[in-house]
>>> print(open('target.cif').read())   # mmCIF, C-alpha atoms and all ligand atoms
data_structure
#
loop_
_atom_site.label_atom_id
_atom_site.label_comp_id
_atom_site.auth_asym_id
_atom_site.auth_seq_id
_atom_site.Cartn_x
_atom_site.Cartn_y
_atom_site.Cartn_z
CA MET A 1 19.98 91.32 15.70
CA ILE A 2 21.23 92.80 12.44
CA ILE A 3 21.45 96.60 12.50
CA TYR A 4 20.55 97.83 9.02
CA LYS A 5 22.01 101.22 8.14
CA THR A 6 20.46 104.27 6.51
CA ARG A 7 21.98 105.77 3.37
CA GLU A 8 23.44 108.55 5.55
CA GLU A 9 25.09 106.02 7.84
CA ILE A 10 26.47 104.12 4.85
CA GLU A 11 28.04 107.35 3.57
CA ILE A 12 29.82 107.84 6.90
CA MET A 13 30.91 104.21 6.81
CA ARG A 14 32.37 104.81 3.36
CA GLU A 15 34.46 107.62 4.86
CA ALA A 16 35.63 105.30 7.64
CA ALA A 17 36.49 102.57 5.15
CA GLN A 18 38.35 105.08 2.96
CA VAL A 19 40.47 106.22 5.91
CA VAL A 20 41.56 102.59 6.29
CA SER A 21 42.09 102.23 2.54
CA ARG A 22 44.40 105.25 2.48
CA THR A 23 46.19 103.95 5.56
CA LEU A 24 46.89 100.66 3.79
CA GLY A 25 48.14 102.71 0.83
CA LYS A 26 50.69 104.32 3.20
CA ILE A 27 51.68 100.85 4.38
CA ALA A 28 52.14 99.71 0.77
CA GLU A 29 54.48 102.68 0.20
CA ALA A 30 56.55 101.95 3.28
CA LEU A 31 56.66 98.16 3.16
CA GLU A 32 60.08 96.97 2.08
CA PRO A 33 62.76 94.63 3.39
CA GLY A 34 64.27 96.01 6.60
CA ILE A 35 61.25 97.86 7.96
CA THR A 36 59.71 96.41 11.10
CA PRO A 37 56.02 95.72 11.74
CA LEU A 38 56.15 98.14 14.67
CA GLU A 39 57.38 100.90 12.35
CA LEU A 40 54.46 100.17 10.00
CA ASP A 41 52.14 100.29 13.00
CA ALA A 42 53.41 103.76 13.94
CA ILE A 43 52.87 105.01 10.36
CA ALA A 44 49.30 103.70 10.44
CA GLU A 45 48.46 105.18 13.82
CA SER A 46 49.73 108.65 12.98
CA TYR A 47 48.03 108.65 9.59
CA ILE A 48 44.67 107.57 11.03
CA ARG A 49 44.85 110.27 13.71
CA SER A 50 45.75 112.87 11.05
CA GLN A 51 42.42 112.03 9.36
CA ASN A 52 40.35 112.88 12.44
CA ALA A 53 39.83 109.18 12.99
CA ILE A 54 40.76 106.80 15.79
CA PRO A 55 42.63 103.49 15.44
CA GLY A 56 39.89 100.88 15.60
CA PHE A 57 41.87 97.92 16.89
CA LEU A 58 44.01 99.67 19.50
CA GLY A 59 42.59 98.60 22.87
CA LEU A 60 39.73 96.65 21.29
CA TYR A 61 39.48 93.45 23.36
CA ASP A 62 42.82 94.74 24.77
CA PHE A 63 44.65 94.39 21.43
CA PRO A 64 47.89 96.39 21.88
CA ASN A 65 48.35 98.00 18.43
CA THR A 66 46.79 99.79 15.48
CA LEU A 67 47.54 97.07 12.92
CA CYS A 68 47.32 93.32 13.00
CA ILE A 69 50.39 92.19 11.06
CA SER A 70 50.45 88.48 10.37
CA MET A 71 53.59 87.07 8.77
CA ASN A 72 53.78 83.99 6.54
CA GLU A 73 52.15 81.06 8.40
CA GLN A 74 50.35 83.51 10.67
CA VAL A 75 46.72 83.74 9.58
CA VAL A 76 45.41 86.81 11.40
CA HIS A 77 45.69 88.83 14.64
CA GLY A 78 49.48 88.99 14.56
CA ILE A 79 50.90 91.56 17.01
CA PRO A 80 53.45 93.89 15.37
CA THR A 81 57.04 93.09 16.42
CA ASN A 82 60.42 94.72 15.92
CA THR A 83 61.73 91.89 13.75
CA PRO A 84 62.63 93.37 10.35
CA ILE A 85 60.55 92.20 7.41
CA LYS A 86 62.59 90.42 4.75
CA GLU A 87 62.46 89.65 1.05
CA GLY A 88 60.06 86.79 0.36
CA ASP A 89 57.84 87.40 3.39
CA VAL A 90 54.07 87.26 3.07
CA VAL A 91 52.64 90.07 5.17
CA SER A 92 48.92 90.32 5.95
CA VAL A 93 47.98 93.77 7.24
CA ASP A 94 44.56 94.26 8.82
CA CYS A 95 43.53 97.74 9.91
CA GLY A 96 40.53 99.31 11.57
CA ALA A 97 39.55 102.94 12.09
CA ILE A 98 36.65 104.75 13.71
CA PHE A 99 35.39 107.83 11.88
CA GLU A 100 32.42 109.79 13.23
CA GLY A 101 31.50 106.81 15.36
CA TYR A 102 31.56 104.15 12.64
CA TYR A 103 34.14 101.48 11.94
CA GLY A 104 36.11 100.69 8.83
CA ASP A 105 37.87 97.31 8.76
CA HIS A 106 39.99 96.34 5.81
CA ALA A 107 42.92 94.03 5.05
CA TYR A 108 45.44 93.18 2.33
CA THR A 109 48.16 90.56 2.02
CA PHE A 110 51.45 91.78 0.57
CA ALA A 111 54.25 89.76 -0.99
CA VAL A 112 57.58 91.40 -0.15
CA GLY A 113 59.87 91.33 -3.19
CA ASN A 114 60.07 88.04 -5.01
CA VAL A 115 57.94 85.21 -3.68
CA SER A 116 57.33 81.76 -5.12
CA SER A 117 54.71 81.24 -7.81
CA GLU A 118 52.81 79.08 -5.29
CA ILE A 119 52.50 82.06 -2.96
CA GLN A 120 51.54 84.40 -5.78
CA HIS A 121 48.79 81.95 -6.69
CA LEU A 122 47.52 81.78 -3.10
CA LEU A 123 47.29 85.59 -2.97
CA LYS A 124 45.53 85.75 -6.33
CA VAL A 125 42.96 83.10 -5.42
CA THR A 126 42.27 84.62 -1.98
CA LYS A 127 41.63 88.00 -3.59
CA GLU A 128 39.33 86.30 -6.09
CA CYS A 129 37.50 84.70 -3.14
CA LEU A 130 36.89 88.19 -1.76
CA ASP A 131 35.53 89.43 -5.09
CA ILE A 132 33.29 86.36 -5.35
CA GLY A 133 31.98 87.00 -1.83
CA VAL A 134 31.21 90.64 -2.66
CA GLU A 135 29.37 89.61 -5.81
CA GLN A 136 27.10 87.32 -3.77
CA THR A 137 26.19 90.13 -1.34
CA ARG A 138 22.95 91.12 -3.05
CA ALA A 139 19.25 91.11 -2.30
CA GLY A 140 17.67 87.75 -3.00
CA ASN A 141 20.69 85.86 -1.68
CA ARG A 142 21.39 84.68 1.85
CA ILE A 143 24.51 84.99 3.95
CA GLY A 144 25.26 81.30 3.30
CA ASP A 145 25.63 82.01 -0.42
CA ILE A 146 28.66 84.21 0.29
CA GLY A 147 30.54 81.50 2.16
CA PHE A 148 29.43 78.74 -0.16
CA HIS A 149 30.94 80.41 -3.20
CA ILE A 150 34.12 81.51 -1.40
CA GLN A 151 34.68 77.96 -0.14
CA GLN A 152 34.05 76.43 -3.55
CA HIS A 153 36.61 78.67 -5.20
CA ALA A 154 39.29 78.14 -2.54
CA GLU A 155 38.85 74.39 -2.35
CA LYS A 156 38.87 74.08 -6.14
CA HIS A 157 42.50 75.19 -5.87
CA GLY A 158 43.23 72.76 -3.03
CA TYR A 159 43.36 75.44 -0.34
CA GLY A 160 42.04 75.32 3.22
CA VAL A 161 39.29 77.70 4.35
CA VAL A 162 39.77 78.78 7.95
CA ARG A 163 36.70 77.90 10.03
CA GLU A 164 37.52 79.51 13.38
CA LEU A 165 37.36 83.09 12.11
CA VAL A 166 34.67 84.70 10.02
CA GLY A 167 33.57 87.99 8.49
CA HIS A 168 30.99 90.04 10.33
CA GLY A 169 28.50 92.85 10.41
CA LEU A 170 30.10 96.25 10.85
CA GLY A 171 28.84 99.60 12.08
CA LYS A 172 29.07 101.49 15.36
CA THR A 173 30.77 98.40 16.71
CA MET A 174 33.48 96.34 15.10
CA HIS A 175 31.69 93.03 15.25
CA GLU A 176 27.95 93.05 14.72
CA GLU A 177 25.59 90.41 13.51
CA PRO A 178 25.55 88.59 11.21
CA GLN A 179 28.61 86.39 11.21
CA VAL A 180 29.80 85.94 7.64
CA PRO A 181 31.66 82.62 7.36
CA ASN A 182 33.91 81.89 4.40
CA TYR A 183 32.34 78.47 4.10
CA GLY A 184 28.78 77.27 4.21
CA ARG A 185 25.71 76.15 2.40
CA ARG A 186 23.91 77.83 -0.41
CA GLY A 187 20.53 79.32 0.49
CA ARG A 188 21.17 79.19 4.24
CA GLY A 189 21.38 81.98 6.78
CA LYS A 190 19.85 85.43 6.97
CA LYS A 191 18.40 87.07 3.87
CA ILE A 192 20.51 89.84 2.38
CA GLN A 193 18.69 93.16 2.10
CA ASP A 194 19.28 96.89 1.76
CA GLY A 195 21.17 98.51 4.62
CA LEU A 196 23.22 95.43 5.43
CA THR A 197 26.85 96.42 6.11
CA ILE A 198 29.38 93.63 6.45
CA ALA A 199 33.10 92.95 6.38
CA ILE A 200 33.88 90.06 4.04
CA GLU A 201 37.28 88.57 4.79
CA PRO A 202 38.38 85.24 3.37
CA MET A 203 41.28 83.70 5.29
CA ILE A 204 42.70 81.04 3.00
CA ASN A 205 45.53 78.63 3.81
CA MET A 206 47.85 77.08 1.26
CA GLY A 207 47.56 73.77 3.11
CA THR A 208 45.29 72.55 5.87
CA GLU A 209 42.32 74.61 7.03
CA ARG A 210 43.32 73.83 10.62
CA VAL A 211 44.82 76.60 12.76
CA LYS A 212 46.20 77.05 16.25
CA TYR A 213 46.86 79.94 18.64
CA LEU A 214 50.34 81.08 19.61
CA SER A 215 51.09 81.52 23.30
CA ASP A 216 50.40 85.29 23.07
CA ASN A 217 46.72 84.20 22.81
CA TRP A 218 46.29 86.48 19.82
CA THR A 219 48.25 85.25 16.84
CA ILE A 220 46.61 82.48 14.86
CA VAL A 221 48.89 80.29 12.74
CA THR A 222 48.29 77.47 10.28
CA ALA A 223 48.58 74.03 11.88
CA ASP A 224 50.96 72.84 9.14
CA GLY A 225 53.13 75.98 9.05
CA LYS A 226 52.25 76.73 5.43
CA PRO A 227 51.43 80.32 4.39
CA SER A 228 48.02 81.93 4.67
CA ALA A 229 46.42 84.95 3.00
CA HIS A 230 43.71 87.41 4.07
CA PHE A 231 41.90 90.10 2.10
CA GLU A 232 38.99 92.12 3.49
CA HIS A 233 36.50 94.67 2.16
CA ASP A 234 33.62 96.55 3.77
CA VAL A 235 30.45 96.09 1.78
CA ALA A 236 27.00 97.73 1.98
CA VAL A 237 23.84 96.66 0.17
CA VAL A 238 22.16 99.57 -1.62
CA ASN A 239 19.27 99.12 -4.06
CA GLY A 240 19.83 95.39 -3.71
CA GLU A 241 23.41 95.60 -4.98
CA PRO A 242 26.78 95.29 -3.22
CA ILE A 243 28.67 98.57 -2.82
CA VAL A 244 32.31 98.17 -1.78
CA LEU A 245 33.03 100.95 0.72
CA SER A 246 36.77 100.28 0.94
CA THR A 247 39.21 100.22 -1.98
CA PHE A 248 42.55 98.66 -2.82
CA SER A 249 43.29 101.48 -5.30
CA TYR A 250 45.71 103.31 -2.96
CA ILE A 251 47.63 100.08 -2.42
CA GLU A 252 47.70 99.30 -6.11
CA GLU A 253 48.94 102.81 -6.96
CA ALA A 254 51.73 102.52 -4.42
CA LEU A 255 52.76 99.07 -5.62
CA ALA A 256 52.70 100.16 -9.27
CA LYS A 257 55.07 103.05 -8.45
CA LYS A 258 57.53 100.63 -6.88
CA ALA A 259 57.40 98.08 -9.69
MG MG B 1 39.93 93.26 9.60
MG MG B 2 36.97 92.10 10.01
#
>>> encode(input="target.cif", output="structure tokens", more="lines below")
Ligand code: MG
Ligand code: MG
Amino acid sequence: MIIYKTREEIEIMREAAQVVSRTLGKIAEALEPGITPLELDAIAESYIRSQNAIPGFLGLYDFPNTLCISMNEQVVHGIPTNTPIKEGDVVSVDCGAIFEGYYGDHAYTFAVGNVSSEIQHLLKVTKECLDIGVEQTRAGNRIGDIGFHIQQHAEKHGYGVVRELVGHGLGKTMHEEPQVPNYGRRGRGKKIQDGLTIAIEPMINMGTERVKYLSDNWTIVTADGKPSAHFEHDVAVVNGEPIVLSTFSYIEEALAKKA
């Protein structure tokens, strides 16, 4: 059952999403060669707690940390390690927070220093896939329209769309109905209407769409070892239109300062 939210609930969810957005801004400031994923995780946890929020992933399904940090060929659900990040790494950071009982869930993929033009292109197209998905999240459309258009855009560039993991409804729990696949058929699935709150999160692989689990039973990697990217926004439907509750602006400000 889809739990549609009131305008008041959506405003709280915006606060939750913004806590995560600012947290990812802190990560953008700190992310440089030599820092470890565990150090980034500590920054995120203390920042979230300073905002009267609670880390949303920590302990969820027994996940051990505040951030999922997925390096290079890792798609999602990477567990932060103490291996220093290096120039040229592709670092996907996914973060959740609970604020006044509601979840924010938001992700960005960073290129550390100079990366190949192929990787830059993968990041650009995956971000475009997210924007395309958001644009489809409007009354009159169905959930299948979101995935259909994301898939079309990714595959047009020869990329693989991960099938095993999908976006999702979001609210008082992290994963609510409906599932929001990044692939699918136009005009299929539940109708989109006011009060829908979902996390849209294309996971796009440079090569094959196929993935496998590492032995930690968390980390998902591409089957061919090629890089993967992941961007995620929280979106609500208000007056028939998509409202993005999260923002990349803190990340972009931090990256612009470093450039
Ligand atoms: Mg997420
Ligand atoms: Mg999510």
>>> residues_near_ligand(input="target.cif", ligand="ligand MG 1 (chain B)", cutoff="12 Å", atoms="only C-alpha atoms and all ligand atoms", output="MDAnalysis selection string")
chainID A and resid 17 20:21 24 56:57 66:70 75:78 92:97 103:109 165:170 174:175 198:203 230:234 246
>>> write_last_selection(input="target.cif", atoms="C-alpha atoms", output="compact mmCIF listing (two decimals), in the frame of the given file")
# COMPACT_ATOMS: atom_id res chain seq x y z
CA ALA A 17 36.49 102.57 5.15
CA VAL A 20 41.56 102.59 6.29
CA SER A 21 42.09 102.23 2.54
CA LEU A 24 46.89 100.66 3.79
CA GLY A 56 39.89 100.88 15.60
CA PHE A 57 41.87 97.92 16.89
CA THR A 66 46.79 99.79 15.48
CA LEU A 67 47.54 97.07 12.92
CA CYS A 68 47.32 93.32 13.00
CA ILE A 69 50.39 92.19 11.06
CA SER A 70 50.45 88.48 10.37
CA VAL A 75 46.72 83.74 9.58
CA VAL A 76 45.41 86.81 11.40
CA HIS A 77 45.69 88.83 14.64
CA GLY A 78 49.48 88.99 14.56
CA SER A 92 48.92 90.32 5.95
CA VAL A 93 47.98 93.77 7.24
CA ASP A 94 44.56 94.26 8.82
CA CYS A 95 43.53 97.74 9.91
CA GLY A 96 40.53 99.31 11.57
CA ALA A 97 39.55 102.94 12.09
CA TYR A 103 34.14 101.48 11.94
CA GLY A 104 36.11 100.69 8.83
CA ASP A 105 37.87 97.31 8.76
CA HIS A 106 39.99 96.34 5.81
CA ALA A 107 42.92 94.03 5.05
CA TYR A 108 45.44 93.18 2.33
CA THR A 109 48.16 90.56 2.02
CA LEU A 165 37.36 83.09 12.11
CA VAL A 166 34.67 84.70 10.02
CA GLY A 167 33.57 87.99 8.49
CA HIS A 168 30.99 90.04 10.33
CA GLY A 169 28.50 92.85 10.41
CA LEU A 170 30.10 96.25 10.85
CA MET A 174 33.48 96.34 15.10
CA HIS A 175 31.69 93.03 15.25
CA ILE A 198 29.38 93.63 6.45
CA ALA A 199 33.10 92.95 6.38
CA ILE A 200 33.88 90.06 4.04
CA GLU A 201 37.28 88.57 4.79
CA PRO A 202 38.38 85.24 3.37
CA MET A 203 41.28 83.70 5.29
CA HIS A 230 43.71 87.41 4.07
CA PHE A 231 41.90 90.10 2.10
CA GLU A 232 38.99 92.12 3.49
CA HIS A 233 36.50 94.67 2.16
CA ASP A 234 33.62 96.55 3.77
CA SER A 246 36.77 100.28 0.94
>>> closest_residue(input="target.cif", among="A:Val112, A:Ala53, A:Val238, A:Leu40", to="Leu255 in chain A", atoms="all atoms listed in the file")
A:Val112
>>> closest_residue(input="target.cif", among="A:Thr247, A:Gln74, A:Thr137, A:Gln193", to="Asn205 in chain A", atoms="only C-alpha atoms")
A:Gln74
>>> residues_around(input="target.cif", residues="Gln136 in chain A", least_positions_apart="3", cutoff="10 Å", atoms="all atoms listed in the file", output="PyMOL selection string")
chain A and resi 131-133+139-150+192+241-242
>>> atom_distance(input="target.cif", atom1="CA of Pro33 in chain A", atom2="CA of Ile79 in chain A")
18.3 Å
>>> closest_residue(input="target.cif", among="A:Glu9, A:Glu177, A:Glu15, A:Glu29", to="Ala256 in chain A", atoms="all atoms listed in the file")
A:Glu29
>>> residues_around(input="target.cif", residues="Leu122 in chain A", least_positions_apart="5", cutoff="12 Å", atoms="only C-alpha atoms", output="compact mmCIF listing (two decimals) with C-alpha atoms, keeping the file's coordinate frame")
# COMPACT_ATOMS: atom_id res chain seq x y z
CA ASN A 72 53.78 83.99 6.54
CA VAL A 90 54.07 87.26 3.07
CA THR A 109 48.16 90.56 2.02
CA PHE A 110 51.45 91.78 0.57
CA ALA A 111 54.25 89.76 -0.99
CA VAL A 115 57.94 85.21 -3.68
CA SER A 116 57.33 81.76 -5.12
CA SER A 117 54.71 81.24 -7.81
CA LYS A 127 41.63 88.00 -3.59
CA GLU A 128 39.33 86.30 -6.09
CA CYS A 129 37.50 84.70 -3.14
CA HIS A 153 36.61 78.67 -5.20
CA ALA A 154 39.29 78.14 -2.54
CA GLU A 155 38.85 74.39 -2.35
CA LYS A 156 38.87 74.08 -6.14
CA HIS A 157 42.50 75.19 -5.87
CA GLY A 158 43.23 72.76 -3.03
CA TYR A 159 43.36 75.44 -0.34
CA GLY A 160 42.04 75.32 3.22
CA VAL A 161 39.29 77.70 4.35
CA PRO A 202 38.38 85.24 3.37
CA MET A 203 41.28 83.70 5.29
CA ILE A 204 42.70 81.04 3.00
CA ASN A 205 45.53 78.63 3.81
CA MET A 206 47.85 77.08 1.26
CA GLY A 207 47.56 73.77 3.11
CA LYS A 226 52.25 76.73 5.43
CA PRO A 227 51.43 80.32 4.39
CA SER A 228 48.02 81.93 4.67
CA ALA A 229 46.42 84.95 3.00
CA HIS A 230 43.71 87.41 4.07
CA PHE A 231 41.90 90.10 2.10
>>> atom_distance(input="target.cif", atom1="CA of Thr36 in chain A", atom2="CA of Asn82 in chain A")
5.2 Å
>>> atom_distance(input="target.cif", atom1="CA of Glu32 in chain A", atom2="CA of Leu214 in chain A")
25.6 Å
>>> residues_around(input="target.cif", residues="Ala42 in chain A", least_positions_apart="5", cutoff="10 Å", atoms="only C-alpha atoms", output="list of chain:residue names")
A:Pro37, A:Tyr47, A:Ile48, A:Asn65, A:Thr66, A:Leu67, A:Pro80
>>> closest_residue(input="target.cif", among="A:Pro181, A:Gly113, A:Thr6, A:Glu253", to="ligand MG 2 (chain B)", atoms="all atoms listed in the file")
A:Pro181
>>> closest_residue(input="target.cif", among="A:Glu135, A:Leu123, A:Ile35, A:Val180", to="ligand MG 2 (chain B)", atoms="all atoms listed in the file")
A:Val180
>>> residues_around(input="target.cif", residues="Ile12 in chain A", least_positions_apart="6", cutoff="8 Å", atoms="all atoms listed in the file", output="PyMOL selection string")
chain A and resi 99-100+102
>>> closest_residue(input="target.cif", among="A:Glu45, A:Val125, A:Thr197, A:Ala259", to="ligand MG 2 (chain B)", atoms="all atoms listed in the file")
A:Thr197
>>> residues_around(input="target.cif", residues="Arg7 in chain A", least_positions_apart="3", cutoff="12 Å", atoms="all atoms listed in the file", output="ChimeraX atom specification")
/A:4,10-14,194-197,236-239,243
